[in-house]
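Peer 1: TSV, C-alpha atoms and all ligand atoms, saved as my_file07.tsv, coming up:
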chain	number	residue	atom	x	y	z
A	1	MET	CA	-26.47	23.97	9.12
A	2	GLU	CA	-24.50	27.21	8.94
A	3	THR	CA	-20.91	27.37	10.09
A	4	GLY	CA	-19.67	30.79	9.00
A	5	ALA	CA	-21.08	32.63	12.00
A	6	THR	CA	-19.44	30.32	14.42
A	7	SER	CA	-16.04	29.84	12.88
A	8	THR	CA	-14.57	32.84	14.67
A	9	GLY	CA	-15.66	32.75	18.27
A	10	ILE	CA	-18.73	32.10	20.33
A	11	CYS	CA	-22.07	33.60	19.39
A	12	LEU	CA	-23.69	34.96	22.54
A	13	ILE	CA	-27.49	34.78	22.23
A	14	ALA	CA	-28.89	37.09	24.90
A	15	GLY	CA	-32.56	36.24	25.42
A	16	CYS	CA	-32.61	32.79	23.84
A	17	GLY	CA	-36.35	32.02	23.65
A	18	TYR	CA	-38.49	31.08	20.67
A	19	VAL	CA	-36.32	32.74	17.99
A	20	GLY	CA	-32.98	32.24	19.73
A	21	THR	CA	-33.44	28.52	20.21
A	22	ARG	CA	-34.13	27.97	16.52
A	23	LEU	CA	-31.18	30.23	15.64
A	24	ALA	CA	-28.87	28.29	17.96
A	25	ARG	CA	-29.93	25.04	16.30
A	26	ARG	CA	-29.35	26.48	12.86
A	27	LEU	CA	-25.92	27.85	13.74
A	28	GLY	CA	-24.94	24.54	15.23
A	29	GLY	CA	-22.53	26.15	17.73
A	30	PRO	CA	-20.45	27.35	19.34
A	31	VAL	CA	-23.08	29.45	21.09
A	32	LEU	CA	-23.81	30.52	24.63
A	33	ALA	CA	-27.49	31.13	25.31
A	34	LEU	CA	-28.50	33.49	28.12
A	35	VAL	CA	-32.00	33.28	29.58
A	36	ARG	CA	-33.70	34.56	32.69
A	37	THR	CA	-34.96	31.40	34.34
A	38	ALA	CA	-33.22	28.21	35.42
A	39	ALA	CA	-36.02	26.19	33.77
A	40	SER	CA	-35.28	27.72	30.35
A	41	ALA	CA	-31.52	27.22	30.79
A	42	GLU	CA	-32.06	23.56	31.72
A	43	ALA	CA	-34.36	22.99	28.75
A	44	LEU	CA	-31.77	24.49	26.38
A	45	CYS	CA	-28.95	22.42	27.89
A	46	ARG	CA	-31.08	19.28	27.54
A	47	ALA	CA	-31.50	20.19	23.86
A	48	GLY	CA	-27.72	20.41	23.48
A	49	ILE	CA	-27.51	24.22	23.53
A	50	PRO	CA	-25.06	25.57	26.16
A	51	ALA	CA	-27.07	27.98	28.31
A	52	GLN	CA	-26.96	29.93	31.55
A	53	ALA	CA	-29.64	31.63	33.58
A	54	VAL	CA	-28.73	35.25	34.27
A	55	ASP	CA	-30.49	38.61	34.57
A	56	LEU	CA	-29.27	40.56	31.53
A	57	GLY	CA	-30.02	43.76	33.43
A	58	GLY	CA	-28.30	42.60	36.60
A	59	GLY	CA	-24.78	43.81	35.86
A	60	ASP	CA	-23.01	40.44	36.01
A	61	LEU	CA	-22.58	38.43	32.81
A	62	PRO	CA	-20.72	35.30	31.76
A	63	VAL	CA	-18.84	36.86	28.81
A	64	PRO	CA	-16.99	34.23	26.74
A	65	GLY	CA	-13.29	35.00	26.24
A	66	ASP	CA	-13.54	34.27	22.51
A	67	LEU	CA	-16.74	36.23	21.87
A	68	GLY	CA	-17.44	36.33	18.13
A	69	ALA	CA	-20.89	37.90	17.89
A	70	VAL	CA	-23.76	39.09	20.05
A	71	VAL	CA	-27.39	38.49	19.12
A	72	TYR	CA	-29.66	40.38	21.50
A	73	LEU	CA	-33.21	38.97	21.48
A	74	ALA	CA	-34.53	39.96	24.91
A	75	PRO	CA	-37.43	42.38	25.26
A	76	PRO	CA	-36.77	45.82	26.74
A	77	GLY	CA	-36.83	46.34	30.48
A	78	GLY	CA	-36.97	49.67	32.23
A	79	GLU	CA	-39.02	52.72	33.09
A	80	GLY	CA	-40.59	55.17	30.68
A	81	GLY	CA	-39.00	55.17	27.26
A	82	PHE	CA	-35.64	53.70	28.27
A	83	ASP	CA	-34.30	50.16	28.00
A	84	ASP	CA	-32.29	49.93	31.21
A	85	ARG	CA	-31.86	46.17	30.73
A	86	LEU	CA	-29.86	46.64	27.52
A	87	ARG	CA	-27.90	49.52	29.10
A	88	ALA	CA	-26.78	47.24	31.96
A	89	PHE	CA	-26.04	44.41	29.51
A	90	LEU	CA	-23.79	46.60	27.34
A	91	ALA	CA	-21.96	47.93	30.41
A	92	ALA	CA	-21.44	44.39	31.68
A	93	LEU	CA	-19.89	43.31	28.36
A	94	GLY	CA	-16.87	45.38	29.40
A	95	GLY	CA	-14.10	45.87	26.87
A	96	VAL	CA	-15.00	43.05	24.49
A	97	ARG	CA	-15.09	43.72	20.77
A	98	PRO	CA	-17.18	41.13	18.92
A	99	ARG	CA	-17.17	40.99	15.11
A	100	MET	CA	-20.79	42.03	15.02
A	101	PHE	CA	-23.85	42.91	17.12
A	102	LEU	CA	-27.39	42.07	16.08
A	103	TYR	CA	-30.34	43.67	17.85
A	104	ALA	CA	-33.93	42.51	17.23
A	105	SER	CA	-36.26	45.50	17.42
A	106	THR	CA	-39.85	45.78	16.17
A	107	THR	CA	-41.74	47.63	13.46
A	108	GLY	CA	-43.60	49.21	16.39
A	109	VAL	CA	-40.94	51.96	16.44
A	110	TYR	CA	-42.71	53.53	13.44
A	111	GLY	CA	-45.85	54.10	15.53
A	112	ASP	CA	-49.17	54.90	13.89
A	113	ALA	CA	-48.49	56.26	10.38
A	114	GLY	CA	-52.19	56.62	9.60
A	115	GLY	CA	-51.91	53.84	7.02
A	116	ALA	CA	-48.99	55.47	5.16
A	117	GLU	CA	-45.96	53.60	3.89
A	118	VAL	CA	-42.86	53.42	6.08
A	119	ASP	CA	-39.44	52.03	5.23
A	120	GLU	CA	-35.98	52.13	6.77
A	121	ALA	CA	-35.57	55.79	5.72
A	122	THR	CA	-38.73	56.87	7.57
A	123	PRO	CA	-37.99	58.61	10.89
A	124	PRO	CA	-39.46	56.47	13.70
A	125	THR	CA	-42.29	58.03	15.70
A	126	PRO	CA	-43.01	55.53	18.49
A	127	GLY	CA	-46.41	56.10	20.07
A	128	ASN	CA	-46.02	54.39	23.44
A	129	ASP	CA	-43.35	53.68	26.06
A	130	ARG	CA	-42.76	50.14	24.86
A	131	ALA	CA	-41.97	51.36	21.34
A	132	ARG	CA	-39.86	54.21	22.77
A	133	GLN	CA	-37.86	51.65	24.75
A	134	ARG	CA	-37.23	49.78	21.50
A	135	LEU	CA	-35.95	52.90	19.79
A	136	ASP	CA	-33.80	53.71	22.80
A	137	ALA	CA	-32.37	50.17	22.62
A	138	GLU	CA	-31.61	50.50	18.90
A	139	ARG	CA	-29.74	53.73	19.56
A	140	GLN	CA	-27.82	52.29	22.51
A	141	ALA	CA	-26.73	49.30	20.42
A	142	GLN	CA	-25.63	51.54	17.55
A	143	ALA	CA	-23.68	53.90	19.83
A	144	TRP	CA	-21.97	50.99	21.63
A	145	CYS	CA	-20.90	49.51	18.29
A	146	ALA	CA	-19.81	52.84	16.81
A	147	ALA	CA	-17.56	53.48	19.80
A	148	ARG	CA	-15.83	50.12	19.23
A	149	GLY	CA	-15.86	49.85	15.44
A	150	VAL	CA	-18.19	46.84	15.63
A	151	ARG	CA	-20.45	46.00	12.69
A	152	TRP	CA	-24.09	46.27	13.76
A	153	VAL	CA	-27.46	45.22	12.40
A	154	VAL	CA	-30.88	46.19	13.73
A	155	PHE	CA	-33.87	44.18	12.54
A	156	ARG	CA	-37.23	45.91	12.86
A	157	VAL	CA	-39.27	42.74	13.00
A	158	ALA	CA	-42.97	42.40	12.22
A	159	ALA	CA	-45.17	39.94	14.16
A	160	ILE	CA	-43.41	36.60	14.44
A	161	TYR	CA	-45.40	33.45	13.75
A	162	GLY	CA	-44.51	29.81	13.28
A	163	PRO	CA	-44.94	26.44	14.97
A	164	HIS	CA	-46.67	26.92	18.35
A	165	ARG	CA	-47.04	30.66	17.58
A	166	LEU	CA	-50.37	30.62	15.74
A	167	PRO	CA	-53.71	31.89	17.08
A	168	LEU	CA	-55.19	28.38	17.01
A	169	GLU	CA	-56.55	28.61	20.57
A	170	ARG	CA	-58.32	31.88	19.75
A	171	LEU	CA	-59.92	30.17	16.75
A	172	ARG	CA	-60.98	27.16	18.82
A	173	ARG	CA	-62.51	29.50	21.42
A	174	GLY	CA	-64.47	31.18	18.65
A	175	GLU	CA	-62.85	34.59	19.29
A	176	PRO	CA	-63.93	37.09	16.61
A	177	VAL	CA	-61.58	39.19	14.46
A	178	LEU	CA	-61.60	42.92	13.77
A	179	ARG	CA	-62.88	43.45	10.23
A	180	PRO	CA	-60.12	44.49	7.77
A	181	GLU	CA	-61.72	47.83	6.92
A	182	ASP	CA	-61.37	48.90	10.58
A	183	THR	CA	-57.64	48.27	10.81
A	184	GLY	CA	-54.44	48.76	8.87
A	185	PRO	CA	-52.37	46.22	6.94
A	186	GLY	CA	-50.86	43.45	9.05
A	187	HIS	CA	-47.20	42.50	8.85
A	188	ARG	CA	-45.62	39.28	9.96
A	189	ILE	CA	-42.71	36.96	9.32
A	190	HIS	CA	-42.26	33.22	9.74
A	191	VAL	CA	-39.78	32.48	12.52
A	192	ASP	CA	-37.45	30.48	10.27
A	193	ASP	CA	-37.23	33.34	7.77
A	194	LEU	CA	-36.24	35.60	10.67
A	195	VAL	CA	-33.66	33.00	11.69
A	196	ALA	CA	-32.38	32.92	8.10
A	197	ALA	CA	-32.09	36.72	8.20
A	198	CYS	CA	-30.14	36.52	11.48
A	199	THR	CA	-27.79	33.95	9.97
A	200	ALA	CA	-27.29	36.09	6.87
A	201	ALA	CA	-26.51	39.09	9.07
A	202	LEU	CA	-24.05	37.09	11.16
A	203	THR	CA	-22.20	35.55	8.24
A	204	GLY	CA	-22.36	38.40	5.72
A	205	THR	CA	-21.35	42.03	5.64
A	206	ALA	CA	-24.72	43.78	6.00
A	207	GLU	CA	-24.85	46.77	8.33
A	208	GLY	CA	-27.59	49.08	9.53
A	209	ILE	CA	-31.35	48.92	9.90
A	210	PHE	CA	-33.57	46.41	8.09
A	211	ASN	CA	-37.34	46.00	8.22
A	212	LEU	CA	-38.29	42.34	8.29
A	213	MET	CA	-41.69	41.14	7.12
A	214	ASP	CA	-42.91	38.65	4.54
A	215	GLY	CA	-44.23	41.20	2.03
A	216	PHE	CA	-47.87	40.05	2.31
A	217	PRO	CA	-49.62	42.84	4.22
A	218	TRP	CA	-52.69	40.79	5.14
A	219	SER	CA	-54.74	42.22	7.94
A	220	VAL	CA	-54.97	40.22	11.15
A	221	ALA	CA	-58.47	39.15	10.09
A	222	GLU	CA	-57.31	37.91	6.69
A	223	PHE	CA	-54.40	35.95	8.17
A	224	THR	CA	-56.55	34.43	10.91
A	225	GLU	CA	-59.29	33.48	8.46
A	226	ARG	CA	-56.74	31.88	6.14
A	227	LEU	CA	-55.29	29.95	9.09
A	228	ALA	CA	-58.77	28.73	10.00
A	229	ALA	CA	-59.40	27.58	6.44
A	230	ILE	CA	-56.09	25.72	6.17
A	231	ALA	CA	-56.33	24.16	9.65
A	232	GLY	CA	-59.95	23.13	9.12
A	233	LEU	CA	-61.22	25.26	12.02
A	234	PRO	CA	-64.36	27.43	12.07
A	235	VAL	CA	-63.82	30.76	10.31
A	236	PRO	CA	-64.04	33.55	12.94
A	237	ARG	CA	-66.83	36.12	12.98
A	238	ARG	CA	-65.85	39.66	11.86
A	239	ILE	CA	-66.62	42.52	14.26
A	240	GLY	CA	-66.22	46.32	14.27
A	241	TRP	CA	-64.23	48.50	16.70
A	242	ALA	CA	-67.01	49.02	19.22
A	243	GLU	CA	-67.34	45.30	19.90
A	244	ALA	CA	-63.58	44.70	19.53
A	245	GLU	CA	-62.92	47.11	22.39
A	246	ARG	CA	-65.15	44.99	24.62
A	247	VAL	CA	-63.96	41.51	23.66
A	248	LEU	CA	-60.32	41.63	22.43
A	249	SER	CA	-57.27	41.80	24.71
A	250	PRO	CA	-55.65	45.23	25.35
A	251	GLY	CA	-52.41	43.98	23.77
A	252	LEU	CA	-54.13	42.94	20.57
A	253	LEU	CA	-56.12	46.19	20.46
A	254	ALA	CA	-52.93	48.28	20.82
A	255	PHE	CA	-51.37	46.28	17.99
A	256	LEU	CA	-54.46	46.81	15.79
A	257	ARG	CA	-54.50	50.56	16.38
A	258	ASP	CA	-51.13	51.21	14.70
A	259	ARG	CA	-51.78	51.62	10.98
A	260	ARG	CA	-48.83	51.54	8.65
A	261	ARG	CA	-47.72	49.80	5.49
A	262	VAL	CA	-44.21	48.53	6.18
A	263	ARG	CA	-41.84	48.22	3.22
A	264	SER	CA	-38.14	47.60	2.94
A	265	HIS	CA	-35.73	48.97	0.41
A	266	ARG	CA	-32.89	46.94	1.97
A	267	LEU	CA	-34.09	43.37	2.47
A	268	ALA	CA	-32.67	42.16	-0.85
A	269	GLU	CA	-29.18	42.81	0.55
A	270	LEU	CA	-29.63	39.90	2.95
A	271	GLY	CA	-30.28	37.46	0.11
A	272	ILE	CA	-32.96	35.52	1.96
A	273	SER	CA	-36.28	34.28	0.67
A	274	ARG	CA	-39.42	34.80	2.74
A	275	ARG	CA	-42.29	32.38	2.58
A	276	PRO	CA	-45.81	33.60	1.83
A	277	PRO	CA	-48.33	33.17	4.68
A	278	ASP	CA	-49.99	30.09	3.13
A	279	THR	CA	-46.66	28.27	3.03
A	280	GLY	CA	-45.68	29.50	6.49
A	281	ILE	CA	-48.97	28.32	7.97
A	282	ARG	CA	-48.69	24.89	6.35
A	283	ASP	CA	-45.04	24.50	7.41
A	284	SER	CA	-45.96	25.47	10.98
A	285	LEU	CA	-48.89	23.06	11.22
A	286	ARG	CA	-46.77	20.25	9.78
A	287	GLU	CA	-44.05	20.78	12.39
A	288	MET	CA	-46.73	20.72	15.10
A	289	GLY	CA	-47.99	17.40	13.80
A	290	LEU	CA	-51.27	18.99	12.70
A	291	SER	CA	-52.53	18.43	9.22
A	292	SER	CA	-53.63	21.13	6.83
A	293	ALA	CA	-57.05	19.57	6.81
A	294	GLY	CA	-58.81	22.44	5.10
A	295	ARG	CA	-58.23	24.33	1.87
B	301	LIG	N1	-43.53	38.14	19.18
B	301	LIG	C1	-43.47	38.97	18.15
B	301	LIG	O1	-44.35	38.97	17.30
B	301	LIG	C2	-42.29	39.90	18.02
B	301	LIG	C3	-42.27	40.81	16.97
B	301	LIG	C4	-41.16	41.61	16.80
B	301	LIG	C5	-40.08	41.51	17.68
B	301	LIG	N2	-40.14	40.65	18.72
B	301	LIG	C6	-38.99	40.59	19.62
B	301	LIG	O2	-38.06	39.64	19.11
B	301	LIG	C7	-37.27	39.13	20.20
B	301	LIG	C8	-37.28	37.61	20.16
B	301	LIG	O3	-38.61	37.16	20.28
B	301	LIG	P1	-38.96	35.74	20.91
B	301	LIG	O4	-40.31	35.42	20.42
B	301	LIG	O5	-37.84	34.78	20.68
B	301	LIG	O6	-39.04	36.09	22.47
B	301	LIG	P2	-39.26	35.08	23.68
B	301	LIG	O7	-39.60	33.71	23.20
B	301	LIG	O8	-40.19	35.74	24.64
B	301	LIG	O9	-37.80	34.98	24.35
B	301	LIG	C9	-37.27	36.02	25.13
B	301	LIG	C10	-36.09	35.42	25.90
B	301	LIG	O10	-35.52	36.49	26.66
B	301	LIG	C11	-35.20	35.98	27.94
B	301	LIG	N3	-35.21	37.10	28.89
B	301	LIG	C12	-36.20	37.99	29.11
B	301	LIG	N4	-35.81	38.86	30.07
B	301	LIG	C13	-34.57	38.49	30.46
B	301	LIG	C14	-33.65	38.97	31.43
B	301	LIG	N5	-33.92	40.02	32.21
B	301	LIG	N6	-32.47	38.32	31.56
B	301	LIG	C15	-32.18	37.23	30.80
B	301	LIG	N7	-33.00	36.76	29.85
B	301	LIG	C16	-34.19	37.36	29.69
B	301	LIG	C17	-36.28	34.96	28.24
B	301	LIG	O11	-35.81	34.05	29.23
B	301	LIG	P3	-36.82	33.00	29.95
B	301	LIG	O12	-37.15	31.97	28.90
B	301	LIG	O13	-36.03	32.40	31.05
B	301	LIG	O14	-38.00	33.79	30.39
B	301	LIG	C18	-36.48	34.32	26.87
B	301	LIG	O15	-35.57	33.26	26.73
B	301	LIG	C19	-37.89	39.71	21.46
B	301	LIG	O16	-37.19	40.87	21.84
B	301	LIG	C20	-39.28	40.09	21.02
B	301	LIG	O17	-39.85	41.09	21.83
B	301	LIG	C21	-41.21	39.83	18.90
Go ahead and express the file in the form of structure tokens.
Ligand SMILES: NC(=O)c1ccc[n+]([C@@H]2O[C@H](COP(=O)([O-])OP(=O)(O)OC[C@H]3O[C@@H](n4cnc5c(N)ncnc54)[C@H](OP(=O)(O)O)[C@@H]3O)[C@@H](O)[C@H]2O)c1
Peer 2:
Amino acid sequence: METGATSTGICLIAGCGYVGTRLARRLGGPVLALVRTAASAEALCRAGIPAQAVDLGGGDLPVPGDLGAVVYLAPPGGEGGFDDRLRAFLAALGGVRPRMFLYASTTGVYGDAGGAEVDEATPPTPGNDRARQRLDAERQAQAWCAARGVRWVVFRVAAIYGPHRLPLERLRRGEPVLRPEDTGPGHRIHVDDLVAACTAALTGTAEGIFNLMDGFPWSVAEFTERLAAIAGLPVPRRIGWAEAERVLSPGLLAFLRDRRRVRSHRLAELGISRRPPDTGIRDSLREMGLSSAGR
């Protein structure tokens, strides 16, 4: 359990869902978790994590008097390419000056690079409103921190997987996968490695933008097939684009269309280790009480 992040004030976790809950557990407190629904707040409180239900974009926030750090993990909300939810959240923070601000963005801000390499020095070229909202949010967070002299970190996070975040249902349904030659490299990170990165950012001195992925650019097909093999489920059928457009969800198709090879020239600064997909899959299945029945 980490204590450094919490020794000087409360860590406000805005948008305390899958990642935030595991972060709160790892930090051990004091934290205040903000979520949208009463059901999520009650579940967090039952798990021993102080939480309140509030609309982050609603203009009225419970801001702790001894605020130490802000970790913003909520998705963007707004029209067009603007994250109005974060704008309202920052305004509602008022005159507070936490030690640091961490914003979780996505690698989606790089858009479709046609398969080329991107790293933190690559200018983002978001290709849709959702990715533009992310970039807008990054810039808002940076500007807010710069105006107050607050240390800031932006994580551009690849696809998050972990316990209860694996495409097991899709495998059980027999959903096919887009063949690797029709898509770009895939990038992902195990949730607990992301949590370790958040903890390192909170307790250390890192500042700026970091890409976060495990360094194994397996395509979605390769990862899903490996999951099937390890979990002892039927290996999915490979299909081309024409069939994929008929049978895969629009969200997955949009994700598959962006081709880029994400690298980081900064990750070493955080001093974290990232587990390879095989290990991450096995760890996830074990936590879910499922055995790695296959290879
Ligand atoms: N999934 C991925 O592969 C991926 C990849 C890169 C980055 N990210 C981003 O990383 C961040 C953390 O991901 P996650 O998986 O932990 O997300 P998550 O499980 O969906 O949690 C999001 C949390 O935000 C809260 N929230 C949403 N809108 C809110 C509002 N208006 N006011 C107050 N709370 C609000 C939700 O509250 P309720 O529980 O009450 O709904 C939930 O607790 C998110 O921004 C996500 O988009 C995700």
Peer 1: Could you list the protein, DNA and RNA residues that have any atom within 6 Å of ligand LIG 301 (chain B), counting all atoms listed in the file, and write them as a list in words?
Peer 2: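 Going residue by residue within 6 Å of ligand LIG 301 (chain B), we get Gly15, Cys16, Gly17, Tyr18, Val19, Gly20, Leu34, Val35, Arg36, Thr37, Ser40, Val54, Asp55, Leu56, Gly57, Leu73, Ala74, Pro75, Ala104, Ser105, Thr106, Val157, Ala158, Ala159 and Ile160 of chain A.
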Peer 1: Filtering to C-alpha atoms, could you give me those residues as a PDB file, in the frame of the given file?
Peer 2:
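selection22.pdb was written with the following content:
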ATOM      1  CA  GLY A  15     -32.560  36.240  25.420  1.00  0.00           C
ATOM      2  CA  CYS A  16     -32.610  32.790  23.840  1.00  0.00           C
ATOM      3  CA  GLY A  17     -36.350  32.020  23.650  1.00  0.00           C
ATOM      4  CA  TYR A  18     -38.490  31.080  20.670  1.00  0.00           C
ATOM      5  CA  VAL A  19     -36.320  32.740  17.990  1.00  0.00           C
ATOM      6  CA  GLY A  20     -32.980  32.240  19.730  1.00  0.00           C
ATOM      7  CA  LEU A  34     -28.500  33.490  28.120  1.00  0.00           C
ATOM      8  CA  VAL A  35     -32.000  33.280  29.580  1.00  0.00           C
ATOM      9  CA  ARG A  36     -33.700  34.560  32.690  1.00  0.00           C
ATOM     10  CA  THR A  37     -34.960  31.400  34.340  1.00  0.00           C
ATOM     11  CA  SER A  40     -35.280  27.720  30.350  1.00  0.00           C
ATOM     12  CA  VAL A  54     -28.730  35.250  34.270  1.00  0.00           C
ATOM     13  CA  ASP A  55     -30.490  38.610  34.570  1.00  0.00           C
ATOM     14  CA  LEU A  56     -29.270  40.560  31.530  1.00  0.00           C
ATOM     15  CA  GLY A  57     -30.020  43.760  33.430  1.00  0.00           C
ATOM     16  CA  LEU A  73     -33.210  38.970  21.480  1.00  0.00           C
ATOM     17  CA  ALA A  74     -34.530  39.960  24.910  1.00  0.00           C
ATOM     18  CA  PRO A  75     -37.430  42.380  25.260  1.00  0.00           C
ATOM     19  CA  ALA A 104     -33.930  42.510  17.230  1.00  0.00           C
ATOM     20  CA  SER A 105     -36.260  45.500  17.420  1.00  0.00           C
ATOM     21  CA  THR A 106     -39.850  45.780  16.170  1.00  0.00           C
ATOM     22  CA  VAL A 157     -39.270  42.740  13.000  1.00  0.00           C
ATOM     23  CA  ALA A 158     -42.970  42.400  12.220  1.00  0.00           C
ATOM     24  CA  ALA A 159     -45.170  39.940  14.160  1.00  0.00           C
ATOM     25  CA  ILE A 160     -43.410  36.600  14.440  1.00  0.00           C
TER      26      ILE A 160
END
Peer 1: Using all atoms listed in the file and a cutoff of 12 Å, can you tell me which residues are near (-31.2, 37.1, 2.1) in the file's coordinates, and write them out as an MDAnalysis selection string?
Peer 2: chainID A and resid 193:206 210 212 266:274
Peer 1: Would you mind exporting the chosen residues as a compact mmCIF listing (two decimals), in the coordinates of the input, restricted to C-alpha atoms?
Peer 2:
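Produced file part_17.txt, reproduced below:
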# COMPACT_ATOMS: atom_id res chain seq x y z
CA ASP A 193 -37.23 33.34 7.77
CA LEU A 194 -36.24 35.60 10.67
CA VAL A 195 -33.66 33.00 11.69
CA ALA A 196 -32.38 32.92 8.10
CA ALA A 197 -32.09 36.72 8.20
CA CYS A 198 -30.14 36.52 11.48
CA THR A 199 -27.79 33.95 9.97
CA ALA A 200 -27.29 36.09 6.87
CA ALA A 201 -26.51 39.09 9.07
CA LEU A 202 -24.05 37.09 11.16
CA THR A 203 -22.20 35.55 8.24
CA GLY A 204 -22.36 38.40 5.72
CA THR A 205 -21.35 42.03 5.64
CA ALA A 206 -24.72 43.78 6.00
CA PHE A 210 -33.57 46.41 8.09
CA LEU A 212 -38.29 42.34 8.29
CA ARG A 266 -32.89 46.94 1.97
CA LEU A 267 -34.09 43.37 2.47
CA ALA A 268 -32.67 42.16 -0.85
CA GLU A 269 -29.18 42.81 0.55
CA LEU A 270 -29.63 39.90 2.95
CA GLY A 271 -30.28 37.46 0.11
CA ILE A 272 -32.96 35.52 1.96
CA SER A 273 -36.28 34.28 0.67
CA ARG A 274 -39.42 34.80 2.74
Peer 1: For A:Tyr103, which residue out of A:Glu181, A:Asp129, A:Glu79, A:Asp136 is the nearest one, using all atoms listed in the file?
Peer 2: A:Asp136
Peer 1: If I take atom CA of A:Cys11 and atom CA of A:Val150, how far is one from the other in Å, to one decimal?
Peer 2: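 These atoms are spaced 14.3 Å apart.
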Peer 1: Got a sec: who's within 10 Å of A:Leu44, counting all atoms listed in the file, leaving out chain neighbours fewer than 2 positions off, as a list of chain:residue names?
Peer 2: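 Using all atoms listed in the file, the neighbours found are A:Cys16, A:Gly17, A:Thr21, A:Ala24, A:Ala33, A:Leu34, A:Val35, A:Ala38, A:Ala39, A:Ser40, A:Ala41, A:Glu42, A:Arg46, A:Ala47, A:Gly48, A:Ile49, A:Pro50, A:Ala51, A:Gln52.
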Peer 1: Which is closest to A:Tyr72 among A:Ile189, A:Ile230, A:Leu256, A:Ala137, if we use only C-alpha atoms?
Peer 2: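 Once distances to A:Tyr72 are computed over only C-alpha atoms, the minimum belongs to A:Ala137.
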Peer 1: Might you pull out every residue within 12 Å of stretch 223-225 of chain A, with all atoms listed in the file counted and same-chain residues fewer than 2 positions away left off, and present them as a VMD selection string?
Peer 2: chain A and resid 159 161 166 to 172 174 to 180 185 to 189 216 to 221 227 to 238 276 to 278 280 to 281 294 to 295
Peer 1: Would you mind reading off the distance between atom CA of A:Pro98 and atom CA of A:Asp84, one decimal, in Å?
Peer 2: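 Separation of atom CA of A:Pro98 and atom CA of A:Asp84: 21.4 Å.
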Peer 1: So which one's closest to A:Arg139, A:Ser292, A:Gly208, A:Arg25, A:Met213? Using only C-alpha atoms, please.
Peer 2: A:Gly208
Peer 1: Mind giving me the straight-line distance from atom CA of A:Arg22 to atom CA of A:Asp192 in Å, one decimal?
Peer 2: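 These two atoms are separated by 7.5 Å.
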Peer 1: Pick from A:Arg132, A:Gly111, A:Cys145, A:Ala242: nearest to A:Gly95, with only C-alpha atoms counted?
Peer 2: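 Using only C-alpha atoms, A:Gly95 sits closest to A:Cys145.
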Peer 1: Report the centre and edge lengths, in Å to one decimal, of an axis-aligned box enclosing every atom of stretch 46-61 of chain A listed in the file, padded by 3 Å on each side, as lines of an AutoDock Vina configuration file.
Peer 2:
center_x = -27.0
center_y = 31.5
center_z = 30.0
size_x = 14.9
size_y = 30.5
size_z = 19.1
Peer 1: As a PyMOL selection string, please: the residues near A:Leu135 (cut-off 12 Å, only C-alpha atoms, same-chain neighbours under 3 positions excluded).
Peer 2: chain A and resi 75-76+81-83+86+103-111+123-132+138-142+154-156+209
Peer 1: Skipping near chain neighbours, those fewer than 6 positions away, what residues fall within 9 Å of A:His265 using all atoms listed in the file, listed as JSON, numbers by chain?
Peer 2: {"A": [119, 120, 121, 210, 211]}
Peer 1: A:Ala88: which residues within 7 Å, counting all atoms listed in the file, same-chain residues fewer than 3 positions away excluded, as number ranges by chain?
Peer 2: A: 57-59, 84-85, 91-92
Peer 1: Nearest to A:Leu61: which of A:Gly162, A:Gly149, A:Gly94, A:Gly240 is it, counting all atoms listed in the file?
Peer 2: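 Checking each of A:Gly162, A:Gly149, A:Gly94, A:Gly240 against A:Leu61, counting all atoms listed in the file, the winner is A:Gly94.
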Peer 1: I need every residue sitting at most 8 Å from the point (-47.5, 23.4, 14.2) (coordinates as in the file, only C-alpha atoms considered), written as a list in words.
Peer 2: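 Neighbouring residues, ordered by chain and number, come to Gly162, Pro163, His164, Leu166, Asp283, Ser284, Leu285, Arg286, Glu287, Met288, Gly289 and Leu290 of chain A.
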Peer 1: So, counting all atoms listed in the file, which residue among A:Ile13, A:Leu248, A:Leu253, A:Val70 is closest to A:Leu102?
Peer 2: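 With all atoms listed in the file as the atom set, the closest residue is A:Val70.
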Peer 1: Please, can stretch 261-268 of chain A be completed to N, CA and C atoms and returned as an mmCIF file, in the coordinates of the input?
Peer 2:
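Saved the output as result08.cif:
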data_model
loop_
_atom_site.group_PDB
_atom_site.id
_atom_site.type_symbol
_atom_site.label_atom_id
_atom_site.label_comp_id
_atom_site.auth_asym_id
_atom_site.auth_seq_id
_atom_site.Cartn_x
_atom_site.Cartn_y
_atom_site.Cartn_z
ATOM 1 N N ARG A 261 -48.071 50.797 6.508
ATOM 2 C CA ARG A 261 -47.720 49.800 5.490
ATOM 3 C C ARG A 261 -46.194 49.720 5.481
ATOM 4 N N VAL A 262 -45.661 48.630 6.018
ATOM 5 C CA VAL A 262 -44.210 48.530 6.180
ATOM 6 C C VAL A 262 -43.576 47.965 4.916
ATOM 7 N N ARG A 263 -42.610 48.674 4.393
ATOM 8 C CA ARG A 263 -41.840 48.220 3.220
ATOM 9 C C ARG A 263 -40.372 48.147 3.620
ATOM 10 N N SER A 264 -39.580 47.587 2.736
ATOM 11 C CA SER A 264 -38.140 47.600 2.940
ATOM 12 C C SER A 264 -37.469 47.875 1.623
ATOM 13 N N HIS A 265 -36.514 48.800 1.632
ATOM 14 C CA HIS A 265 -35.730 48.970 0.410
ATOM 15 C C HIS A 265 -34.360 48.309 0.582
ATOM 16 N N ARG A 266 -34.200 47.514 1.678
ATOM 17 C CA ARG A 266 -32.890 46.940 1.970
ATOM 18 C C ARG A 266 -32.868 45.417 2.038
ATOM 19 N N LEU A 267 -34.049 44.802 2.171
ATOM 20 C CA LEU A 267 -34.090 43.370 2.470
ATOM 21 C C LEU A 267 -33.328 42.514 1.454
ATOM 22 N N ALA A 268 -33.336 42.947 0.190
ATOM 23 C CA ALA A 268 -32.670 42.160 -0.850
ATOM 24 C C ALA A 268 -31.192 41.958 -0.531
#
